[in-house]
file protein_23.cif (mmCIF, C-alpha atoms)
data_query
#
loop_
_atom_site.label_atom_id
_atom_site.label_comp_id
_atom_site.auth_asym_id
_atom_site.auth_seq_id
_atom_site.Cartn_x
_atom_site.Cartn_y
_atom_site.Cartn_z
CA MET U 1 6.23 22.96 14.31
CA ASP U 2 4.09 25.85 13.15
CA PRO U 3 1.22 24.44 10.97
CA LYS U 4 2.06 26.83 8.09
CA ILE U 5 5.71 25.75 8.11
CA GLU U 6 4.71 22.08 8.35
CA THR U 7 2.41 22.47 5.33
CA LYS U 8 5.21 24.03 3.29
CA VAL U 9 7.61 21.23 4.26
CA GLU U 10 5.03 18.61 3.28
CA ALA U 11 4.37 20.30 -0.07
CA ARG U 12 8.11 20.42 -0.72
CA ASN U 13 8.58 16.73 -0.01
CA LEU U 14 5.16 15.39 -1.07
CA PRO U 15 3.60 17.71 -3.64
CA SER U 16 -0.10 17.10 -4.20
CA SER U 17 -0.61 19.35 -7.24
CA LEU U 18 1.25 20.27 -10.41
CA GLU U 19 1.93 23.72 -8.97
CA GLU U 20 3.49 22.26 -5.81
CA TRP U 21 5.52 19.79 -7.87
CA MET U 22 6.92 22.56 -10.09
CA ILE U 23 8.07 24.46 -7.00
CA ALA U 24 9.42 21.34 -5.26
CA ALA U 25 11.24 20.02 -8.33
CA GLY U 26 13.10 23.28 -8.87
CA ALA U 27 16.17 22.70 -11.04
CA TYR U 28 15.27 19.01 -11.38
CA LYS U 29 12.07 19.58 -13.31
CA ARG U 30 13.74 19.80 -16.72
CA ARG U 31 15.31 16.38 -16.26
CA SER U 32 13.61 13.04 -16.77
CA ILE U 33 13.87 9.72 -14.93
CA HIS U 34 14.86 8.31 -18.32
CA VAL U 35 18.25 10.04 -18.41
CA GLN U 36 19.37 9.09 -14.91
CA ARG U 37 22.05 6.51 -14.26
CA GLY U 38 22.50 4.48 -11.10
CA LEU U 39 18.95 4.75 -9.78
CA LEU U 40 18.52 4.03 -6.09
CA SER U 41 16.41 1.09 -4.93
CA GLY U 42 12.92 1.74 -3.59
CA SER U 43 14.04 1.43 0.02
CA LYS U 44 16.87 3.96 -0.50
CA ILE U 45 15.08 6.41 -2.80
CA ASP U 46 15.85 10.08 -2.25
CA ARG U 47 13.82 13.22 -2.82
CA SER U 48 15.29 13.96 -6.25
CA GLN U 49 14.50 10.49 -7.62
CA TYR U 50 11.02 10.61 -6.09
CA LEU U 51 10.26 13.90 -7.81
CA HIS U 52 11.43 12.50 -11.14
CA LEU U 53 8.84 9.73 -10.84
CA ARG U 54 6.22 12.49 -11.16
CA VAL U 55 3.97 11.48 -8.30
CA LEU U 56 1.31 13.63 -6.66
CA TRP U 57 0.41 12.34 -3.21
CA GLU U 58 -2.88 12.96 -1.46
CA ASN U 59 -3.90 11.79 2.01
CA ASP U 60 -7.68 11.43 2.07
CA ILE U 61 -10.22 11.00 4.84
CA ARG U 62 -11.16 7.39 5.52
CA GLN U 63 -14.86 7.88 4.80
CA GLU U 64 -14.12 8.42 1.10
CA ALA U 65 -12.15 5.19 0.63
CA CYS U 66 -15.06 3.01 -0.53
CA ASP U 67 -16.12 5.40 -3.29
CA ARG U 68 -12.59 6.20 -4.49
CA LEU U 69 -11.71 2.49 -4.56
CA ASN U 70 -14.91 1.84 -6.54
CA LEU U 71 -15.93 -1.04 -4.28
CA GLY U 72 -19.72 -0.68 -4.56
CA LYS U 73 -21.53 -4.00 -4.11
CA PHE U 74 -18.34 -5.72 -2.97
CA HIS U 75 -18.18 -3.49 0.10
CA ASP U 76 -21.78 -4.31 0.98
CA GLU U 77 -21.05 -8.01 0.57
CA ALA U 78 -17.86 -7.80 2.64
CA LYS U 79 -19.50 -5.99 5.55
CA GLY U 80 -22.45 -8.37 5.53
CA TRP U 81 -20.22 -11.45 5.49
CA LEU U 82 -17.95 -10.19 8.28
CA ALA U 83 -20.96 -9.33 10.45
CA LYS U 84 -21.94 -13.02 10.35
CA PHE U 85 -18.40 -14.41 10.49
CA ASP U 86 -18.10 -15.57 14.11
CA PRO U 87 -14.27 -15.73 14.25
CA PHE U 88 -14.06 -12.09 13.19
CA GLN U 89 -16.68 -11.04 15.72
CA ARG U 90 -14.75 -12.89 18.43
CA HIS U 91 -11.62 -11.03 17.32
CA LEU U 92 -13.43 -7.72 17.85
CA ASP U 93 -14.54 -8.96 21.28
CA ARG U 94 -10.93 -9.78 22.18
CA LEU U 95 -9.94 -6.23 21.33
CA LYS U 96 -12.72 -4.90 23.56
CA CYS U 97 -11.87 -7.31 26.37
CA PRO U 98 -8.34 -8.82 26.11
CA THR U 99 -9.22 -11.46 28.72
CA ALA U 100 -11.75 -13.08 26.37
CA MET U 101 -11.09 -16.81 25.95
CA ASP U 102 -8.75 -17.80 23.12
CA ASP U 103 -9.30 -20.83 20.90
CA PRO U 104 -6.14 -22.01 19.08
CA ALA U 105 -8.35 -23.43 16.32
CA ASP U 106 -9.79 -19.98 15.60
CA ILE U 107 -8.45 -18.54 12.31
CA PHE U 108 -7.89 -15.19 14.06
CA TYR U 109 -5.97 -16.76 16.97
CA THR U 110 -2.52 -16.44 15.38
CA ALA U 111 -3.34 -13.03 13.91
CA TYR U 112 -4.37 -11.74 17.33
CA ARG U 113 -1.29 -13.19 19.04
CA GLN U 114 0.99 -11.58 16.46
CA GLN U 115 -0.73 -8.20 16.55
CA GLU U 116 -0.78 -8.31 20.34
CA GLN U 117 3.03 -8.33 20.25
CA VAL U 118 2.93 -5.08 18.28
CA MET U 119 0.24 -3.53 20.49
CA LYS U 120 2.24 -4.27 23.64
CA PHE U 121 5.17 -2.20 22.47
CA PHE U 122 2.94 0.82 21.91
CA ARG U 123 0.93 0.37 25.12
CA LYS U 124 4.04 0.15 27.29
CA GLY U 125 6.15 2.61 25.33
CA VAL U 126 9.00 0.08 25.49
CA LYS U 127 10.86 -0.70 22.29
CA GLU U 128 12.82 -3.69 23.57
CA GLN U 129 11.94 -6.66 25.81
CA GLY U 130 14.74 -9.21 26.11
CA LEU U 131 15.54 -10.45 22.61
CA ARG U 132 12.28 -9.03 21.35
CA ARG U 133 12.30 -5.55 19.94
CA LEU U 134 9.91 -3.61 17.79
CA ASN U 135 11.07 -4.32 14.24
CA GLU U 136 9.81 -4.65 10.71
CA GLN U 137 9.61 -8.45 10.81
CA ILE U 138 7.24 -8.46 13.80
CA VAL U 139 4.97 -5.90 12.15
CA ASN U 140 5.06 -7.68 8.79
CA THR U 141 4.19 -11.05 10.32
CA SER U 142 1.25 -9.54 12.18
CA LEU U 143 0.01 -7.85 8.99
CA VAL U 144 0.12 -10.95 6.78
CA CYS U 145 -1.54 -13.13 9.45
CA PHE U 146 -4.29 -10.56 9.92
CA LEU U 147 -5.02 -10.14 6.20
CA ASP U 148 -5.09 -13.91 5.69
CA ALA U 149 -7.51 -14.33 8.60
CA ILE U 150 -9.90 -11.77 7.10
CA CYS U 151 -10.04 -13.51 3.71
CA GLY U 152 -9.07 -17.12 4.40
CA LYS U 153 -12.52 -18.58 5.09
CA HIS U 154 -14.56 -16.78 2.46
CA ALA U 155 -16.02 -19.36 0.07
CA ARG U 156 -14.83 -17.55 -3.07
CA LEU U 157 -11.34 -16.84 -1.74
CA LYS U 158 -10.13 -19.68 0.46
CA LYS U 159 -8.80 -21.83 -2.40
CA ALA U 160 -7.44 -19.06 -4.61
CA CYS U 161 -6.25 -16.31 -2.27
CA VAL U 162 -2.55 -16.52 -1.33
CA TRP U 163 -1.01 -14.04 1.13
CA THR U 164 2.75 -14.26 1.49
CA PRO U 165 5.44 -12.29 3.36
CA GLN U 166 7.91 -13.07 0.57
CA ASN U 167 10.38 -10.25 -0.10
CA ALA U 168 9.76 -10.39 -3.83
CA GLY U 169 11.36 -7.82 -6.10
CA LEU U 170 9.76 -5.61 -8.74
CA THR U 171 11.82 -3.73 -11.30
CA ALA U 172 11.04 -0.55 -13.19
CA ASN U 173 13.33 -0.45 -16.22
CA PHE U 174 14.29 2.88 -17.75
CA PRO U 175 16.66 3.60 -20.68
CA LYS U 176 19.71 4.34 -18.54
CA ALA U 177 19.05 2.37 -15.34
CA ALA U 178 16.60 0.22 -13.39
CA MET U 179 14.84 0.87 -10.09
CA VAL U 180 14.47 -2.29 -7.98
CA CYS U 181 11.90 -2.44 -5.19
CA LYS U 182 11.69 -5.18 -2.56
CA LEU U 183 8.21 -5.81 -1.21
CA ASP U 184 7.31 -6.91 2.31
CA GLY U 185 4.70 -9.27 0.89
CA TYR U 186 1.83 -9.47 -1.54
CA LEU U 187 -1.48 -11.12 -2.41
CA CYS U 188 -1.70 -13.28 -5.51
CA SER U 189 -4.05 -15.75 -7.14
CA ASP U 190 -3.12 -19.40 -6.75
CA SER U 191 -4.62 -20.24 -10.14
CA THR U 192 -3.33 -17.36 -12.28
CA SER U 193 -0.34 -16.11 -10.21
CA GLN U 194 -1.64 -12.58 -10.78
CA THR U 195 -0.44 -10.12 -8.12
CA HIS U 196 -3.41 -8.22 -6.68
CA LEU U 197 -2.02 -6.24 -3.74
CA ILE U 198 1.42 -5.36 -2.45
CA LEU U 199 2.43 -4.89 1.20
CA GLU U 200 4.75 -2.59 3.11
CA ALA U 201 5.58 -2.75 6.83
CA LYS U 202 7.40 -0.35 9.13
CA PRO U 203 8.13 -0.77 12.85
CA ASN U 204 7.08 2.75 13.87
CA ARG U 205 4.16 5.00 13.16
CA ARG U 206 4.26 6.96 9.93
CA GLU U 207 5.34 10.28 11.40
CA LYS U 208 8.59 8.66 12.55
CA HIS U 209 9.74 7.91 9.00
CA SER U 210 8.03 10.56 6.89
CA PRO U 211 8.50 11.55 4.10
CA THR U 212 10.78 8.65 3.08
CA VAL U 213 8.07 6.02 3.61
CA TYR U 214 5.88 7.86 1.08
CA TRP U 215 8.73 7.96 -1.43
CA GLN U 216 9.34 4.24 -0.97
CA GLU U 217 5.67 3.32 -1.37
CA ALA U 218 5.42 5.48 -4.49
CA ALA U 219 8.47 3.73 -5.95
CA GLU U 220 6.89 0.33 -5.24
CA LEU U 221 3.64 1.29 -6.95
CA VAL U 222 5.53 2.68 -9.94
CA ALA U 223 7.57 -0.53 -10.18
CA ALA U 224 4.38 -2.61 -9.88
CA LEU U 225 2.83 -0.68 -12.78
CA ARG U 226 6.01 -0.91 -14.85
CA THR U 227 6.30 -4.69 -14.33
CA PRO U 228 4.35 -6.85 -16.82
CA LEU U 229 1.45 -9.02 -15.64
CA PRO U 230 1.07 -11.32 -13.79
CA LYS U 231 3.98 -10.15 -11.59
CA GLY U 232 2.93 -6.50 -11.82
CA LEU U 233 -0.31 -4.97 -10.61
CA LYS U 234 -3.30 -4.36 -12.86
CA ARG U 235 -3.48 -0.73 -13.83
CA ASP U 236 -7.06 -0.19 -12.66
CA MET U 237 -6.41 -1.66 -9.20
CA ALA U 238 -2.87 -0.78 -8.13
CA VAL U 239 -3.28 -1.00 -4.35
CA LEU U 240 -0.74 -1.06 -1.52
CA ILE U 241 -1.60 -2.07 2.06
CA SER U 242 0.77 -0.87 4.76
CA GLN U 243 1.15 -1.29 8.50
CA ASP U 244 3.23 1.30 10.31
CA GLY U 245 3.62 0.12 13.89
CA ASP U 246 0.06 -0.36 15.13
CA GLN U 247 -1.58 1.59 12.30
CA LEU U 248 -2.96 0.43 8.94
CA TYR U 249 -3.22 2.30 5.64
CA ILE U 250 -4.61 1.69 2.15
CA ALA U 251 -3.14 3.46 -0.89
CA LYS U 252 -4.16 3.33 -4.54
CA ALA U 253 -2.38 4.67 -7.61
CA PHE U 254 -4.39 6.53 -10.26
CA GLN U 255 -2.56 7.03 -13.55
CA GLY U 256 -3.06 10.23 -15.48
CA ALA U 257 -4.01 9.79 -19.15
CA THR U 258 -0.42 10.18 -20.37
CA TYR U 259 1.52 8.99 -17.31
CA LEU U 260 2.09 5.43 -18.48
CA GLU U 261 3.29 6.79 -21.81
CA TYR U 262 5.86 8.83 -19.86
CA LEU U 263 6.79 5.85 -17.69
CA GLU U 264 7.19 3.41 -20.58
CA ARG U 265 9.46 5.44 -22.81
CA THR U 266 12.22 3.22 -24.11
CA GLU U 267 14.53 5.96 -25.32
CA GLU U 268 16.13 8.98 -23.74
CA PRO U 269 14.25 12.15 -24.75
CA LYS U 270 16.18 14.08 -27.39
CA GLN U 271 15.50 17.43 -25.74
CA PRO U 272 14.12 18.69 -22.41
CA GLU U 273 10.35 18.79 -22.15
CA GLN U 274 8.59 22.10 -22.45
CA LEU U 275 7.45 22.86 -18.92
CA ASN U 276 4.44 24.82 -20.13
CA GLU U 277 3.16 21.62 -21.76
CA LEU U 278 3.12 19.66 -18.50
CA ASP U 279 -0.23 18.92 -16.90
CA GLU U 280 -1.50 16.53 -14.24
CA ALA U 281 -2.45 13.98 -16.90
CA GLY U 282 1.26 13.17 -17.05
CA PHE U 283 1.51 12.37 -13.34
CA LEU U 284 0.69 9.45 -11.07
CA ARG U 285 -1.71 10.42 -8.30
CA ILE U 286 -1.56 8.30 -5.16
CA GLU U 287 -4.42 8.54 -2.71
CA GLN U 288 -4.01 7.06 0.75
CA TRP U 289 -6.55 6.43 3.49
CA GLY U 290 -5.98 5.79 7.18
CA PRO U 291 -4.77 5.29 9.75
CA TRP U 292 -6.78 2.47 11.26
CA ASN U 293 -5.44 1.32 14.64
CA ILE U 294 -5.16 -2.46 15.12
CA ALA U 295 -6.13 -2.07 18.81
CA HIS U 296 -9.42 -0.25 18.15
CA PRO U 297 -12.40 -2.53 17.32
CA GLY U 298 -14.18 0.14 15.25
CA ASP U 299 -11.06 0.80 13.18
CA VAL U 300 -10.45 -2.92 12.65
CA GLU U 301 -14.05 -3.51 11.56
CA GLU U 302 -13.93 -0.63 9.07
CA PHE U 303 -10.54 -1.62 7.65
CA ALA U 304 -11.51 -5.31 7.33
CA GLY U 305 -14.64 -4.41 5.37
CA LEU U 306 -12.61 -2.38 2.88
CA LEU U 307 -9.82 -4.95 2.61
CA LEU U 308 -12.18 -7.85 1.99
CA ALA U 309 -14.11 -5.81 -0.58
CA ILE U 310 -10.89 -4.99 -2.46
CA VAL U 311 -9.94 -8.66 -2.56
CA LEU U 312 -13.43 -9.81 -3.59
CA ARG U 313 -13.42 -7.32 -6.45
CA ALA U 314 -9.96 -8.41 -7.60
CA PHE U 315 -10.83 -12.10 -7.61
CA SER U 316 -14.19 -11.53 -9.29
CA GLU U 317 -12.25 -10.04 -12.21
CA ASP U 318 -10.02 -13.13 -12.23
CA THR U 319 -13.06 -15.40 -12.35
CA LEU U 320 -14.64 -13.36 -15.14
CA ALA U 321 -11.42 -13.47 -17.16
CA GLU U 322 -11.15 -17.25 -16.75
CA THR U 323 -14.80 -17.71 -17.77
CA THR U 324 -14.65 -15.49 -20.85
CA GLY U 325 -11.12 -16.51 -21.76
#
call {"tool": "encode", "arguments": {"input": "protein_23.cif", "output": "C-alpha cells"}}
result
Amino acid sequence: MDPKIETKVEARNLPSSLEEWMIAAGAYKRRSIHVQRGLLSGSKIDRSQYLHLRVLWENDIRQEACDRLNLGKFHDEAKGWLAKFDPFQRHLDRLKCPTAMDDPADIFYTAYRQQEQVMKFFRKGVKEQGLRRLNEQIVNTSLVCFLDAICGKHARLKKACVWTPQNAGLTANFPKAAMVCKLDGYLCSDSTSQTHLILEAKPNRREKHSPTVYWQEAAELVAALRTPLPKGLKRDMAVLISQDGDQLYIAKAFQGATYLEYLERTEEPKQPEQLNELDEAGFLRIEQWGPWNIAHPGDVEEFAGLLLAIVLRAFSEDTLAETTG
C-alpha cells in the first residue's frame, strides 16, 4: 500500500489527535457512548464504538518508554538486578545458542519451553503441526510464564506478585448499557488483591489483526479505569502488556484532565455536546511501545528491564500504602 494511503487509513481507524478524531468520527461525533444501547464486548468492538470511547492512540519509539512510564530509579534497579540474575542471563544465552544446556529447576526453563513453541511456528512459517497449531492459548501461556520468570525470584516480589492467565472480566457501565471485556490474564498483589497490569495475547503479529486489536486493547483499558479498585487499574499506572505472536508490546493509558469526568457520567446528556468545546483534555491517550521479539536477546533484555521496573514501582506503592495506612 502507498505510504500516504496507509497513513490516511491508520488515522481513520486510529486517530492520534483531536483533528484526526473529528474527521474519523464524522456523523458519530455528536453522539456519546452514554446514549448507546447494546454495547459490544471488548473482543467484538467495532470502529463506531471505539470512536465513542474517545481514545487517541500513539505508537512511540521504544527508547522513550522508560521516561514516559516514569520508571526512574526502578528501571536502574531492574536492569542492575537482571544483570546479576543468573537464570535470566542463561535465558539470554539460550536465545543466542539454542543448544545451551537446559536445567528443569531453572525458573526460566518452562518460560523458554513455552516461548520456543511460539518461535518455532514463526521460524518454520508453519501454522499447524499435528494437533498443535498457533493459537491464542499457546501465546498466552508463553507470556504468563515469561513474565512470572522475570519477577518471581525478586526479593520484594516473590511473595506478593501473582501472575495469572485467568480470563477475568472487567465491566465499564454506562447509563444505557455496559461494555464487558475479558482479559487474557493480569498481575495482582497477593496481599491487597489490587490489579496492577492486564494482559492481552494474539496468535499472529499485530499487522495481521490491525486495527481491531487496538480497539480491543483500548476497550480493556477503558474498562479497567471504569472498574473500581482493587479490581480496576490505578489511574496513574494503567498498563497493558501484550504478546502478538512472537512480539511483545507495552501500552499505557494517560487520561486527559476531563476524560474521567466524561467516562463516569451517570446520566444521558440532555443535549449534544458543542463540538467547538471539545479538546484533547476530554480524551484518553494511549501510548504503546514495541515490538520486542521474544527470539532476540537484545529485545528480551530491554523488555525485561522495563517490565520488572513497572512491577517494582507498582508494588512499592502498595508497600507505601500499607505502611502509611
call {"tool": "closest_residue", "arguments": {"input": "protein_23.cif", "among": "U:Asp86, U:Asp244, U:Asp190, U:Glu58", "to": "Arg206 in chain U", "atoms": "all atoms listed in the file"}}
result
U:Asp244
call {"tool": "closest_residue", "arguments": {"input": "protein_23.cif", "among": "U:Val144, U:Leu278, U:Ala149, U:Ile23", "to": "Leu308 in chain U", "atoms": "only C-alpha atoms"}}
result
U:Ala149
call {"tool": "resolve_selection", "arguments": {"input": "protein_23.cif", "expression": "the PyMOL selection byres ((chain U and resi 130-140) around 10)", "output": "PyMOL selection string"}}
result
chain U and resi 114-115+117-122+126-129+141-146+165+184-185+199-204+242-247
call {"tool": "atom_distance", "arguments": {"input": "protein_23.cif", "atom1": "CA of Arg62 in chain U", "atom2": "CA of Phe85 in chain U"}}
result
23.5 Å
call {"tool": "resolve_selection", "arguments": {"input": "protein_23.cif", "expression": "the PyMOL selection byres ((chain U and resi 175) around 10)", "output": "list in words"}}
result
Ile33, His34, Val35, Gln36, Arg37, Asn173, Phe174, Lys176, Ala177, Ala178, Glu264, Arg265, Thr266, Glu267, Glu268 and Pro269 of chain U
call {"tool": "residues_around", "arguments": {"input": "protein_23.cif", "residues": "Ile198 in chain U", "least_positions_apart": "3", "cutoff": "10 Å", "atoms": "only C-alpha atoms", "output": "list in words"}}
result
Trp163, Thr164, Pro165, Ala168, Leu183, Asp184, Gly185, Tyr186, Leu187, Cys188, Thr195, Glu217, Glu220, Leu221, Ala224, Gly232, Leu233, Ala238, Val239, Leu240, Ile241 and Ser242 of chain U
call {"tool": "closest_residue", "arguments": {"input": "protein_23.cif", "among": "U:Gln288, U:Gln194, U:Gln216, U:Ser210", "to": "Gln49 in chain U", "atoms": "all atoms listed in the file"}}
result
U:Gln216
call {"tool": "closest_residue", "arguments": {"input": "protein_23.cif", "among": "U:Lys153, U:Glu116, U:Gly282, U:Gly38", "to": "Pro87 in chain U", "atoms": "all atoms listed in the file"}}
result
U:Lys153
call {"tool": "atom_distance", "arguments": {"input": "protein_23.cif", "atom1": "CA of Leu69 in chain U", "atom2": "CA of Tyr259 in chain U"}}
result
19.5 Å
call {"tool": "residues_near_point", "arguments": {"input": "protein_23.cif", "point": "(8.8, 17.9, -7.4)", "cutoff": "9 Å", "atoms": "all atoms listed in the file", "output": "number ranges by chain"}}
result
U: 11-15, 18, 20-26, 28-29, 47-48, 50-56
call {"tool": "closest_residue", "arguments": {"input": "protein_23.cif", "among": "U:Pro98, U:Thr171, U:Glu77, U:Phe88", "to": "Leu147 in chain U", "atoms": "all atoms listed in the file"}}
result
U:Phe88
call {"tool": "closest_residue", "arguments": {"input": "protein_23.cif", "among": "U:His296, U:Lys231, U:Lys79, U:His196", "to": "Glu317 in chain U", "atoms": "all atoms listed in the file"}}
result
U:His196
call {"tool": "atom_distance", "arguments": {"input": "protein_23.cif", "atom1": "CA of Val162 in chain U", "atom2": "CA of Tyr214 in chain U"}}
result
25.9 Å
call {"tool": "resolve_selection", "arguments": {"input": "protein_23.cif", "expression": "the PyMOL selection byres ((chain U and resi 103-106) around 12)", "output": "compact mmCIF listing (two decimals) with C-alpha atoms, keeping the file's coordinate frame"}}
result
# COMPACT_ATOMS: atom_id res chain seq x y z
CA PHE U 85 -18.40 -14.41 10.49
CA ASP U 86 -18.10 -15.57 14.11
CA PRO U 87 -14.27 -15.73 14.25
CA PHE U 88 -14.06 -12.09 13.19
CA GLN U 89 -16.68 -11.04 15.72
CA ARG U 90 -14.75 -12.89 18.43
CA HIS U 91 -11.62 -11.03 17.32
CA ARG U 94 -10.93 -9.78 22.18
CA ALA U 100 -11.75 -13.08 26.37
CA MET U 101 -11.09 -16.81 25.95
CA ASP U 102 -8.75 -17.80 23.12
CA ILE U 107 -8.45 -18.54 12.31
CA PHE U 108 -7.89 -15.19 14.06
CA TYR U 109 -5.97 -16.76 16.97
CA THR U 110 -2.52 -16.44 15.38
CA ALA U 111 -3.34 -13.03 13.91
CA TYR U 112 -4.37 -11.74 17.33
CA ARG U 113 -1.29 -13.19 19.04
CA ALA U 149 -7.51 -14.33 8.60
CA ILE U 150 -9.90 -11.77 7.10
CA GLY U 152 -9.07 -17.12 4.40
CA LYS U 153 -12.52 -18.58 5.09
call {"tool": "residues_near_point", "arguments": {"input": "protein_23.cif", "point": "(-17.0, -16.0, -0.5)", "cutoff": "12 Å", "atoms": "only C-alpha atoms", "output": "list in words"}}
result
Phe74, Glu77, Ala78, Lys79, Gly80, Trp81, Leu82, Phe85, Ile150, Cys151, Gly152, Lys153, His154, Ala155, Arg156, Leu157, Lys158, Lys159, Ala160, Cys161, Leu308, Ala309, Val311, Leu312, Arg313, Phe315 and Ser316 of chain U
call {"tool": "residues_around", "arguments": {"input": "protein_23.cif", "residues": "Ser43 in chain U", "least_positions_apart": "6", "cutoff": "9 Å", "atoms": "only C-alpha atoms", "output": "VMD selection string"}}
result
chain U and resid 180 to 182 212 to 213 215 to 217 219 to 220
call {"tool": "axis_aligned_box", "arguments": {"input": "protein_23.cif", "around": "range 174-178 of chain U", "padding_each_side": "4 Å", "output": "AutoDock Vina command-line options"}}
result
--center_x 17.0 --center_y 2.3 --center_z -17.0 --size_x 13.4 --size_y 12.1 --size_z 15.3
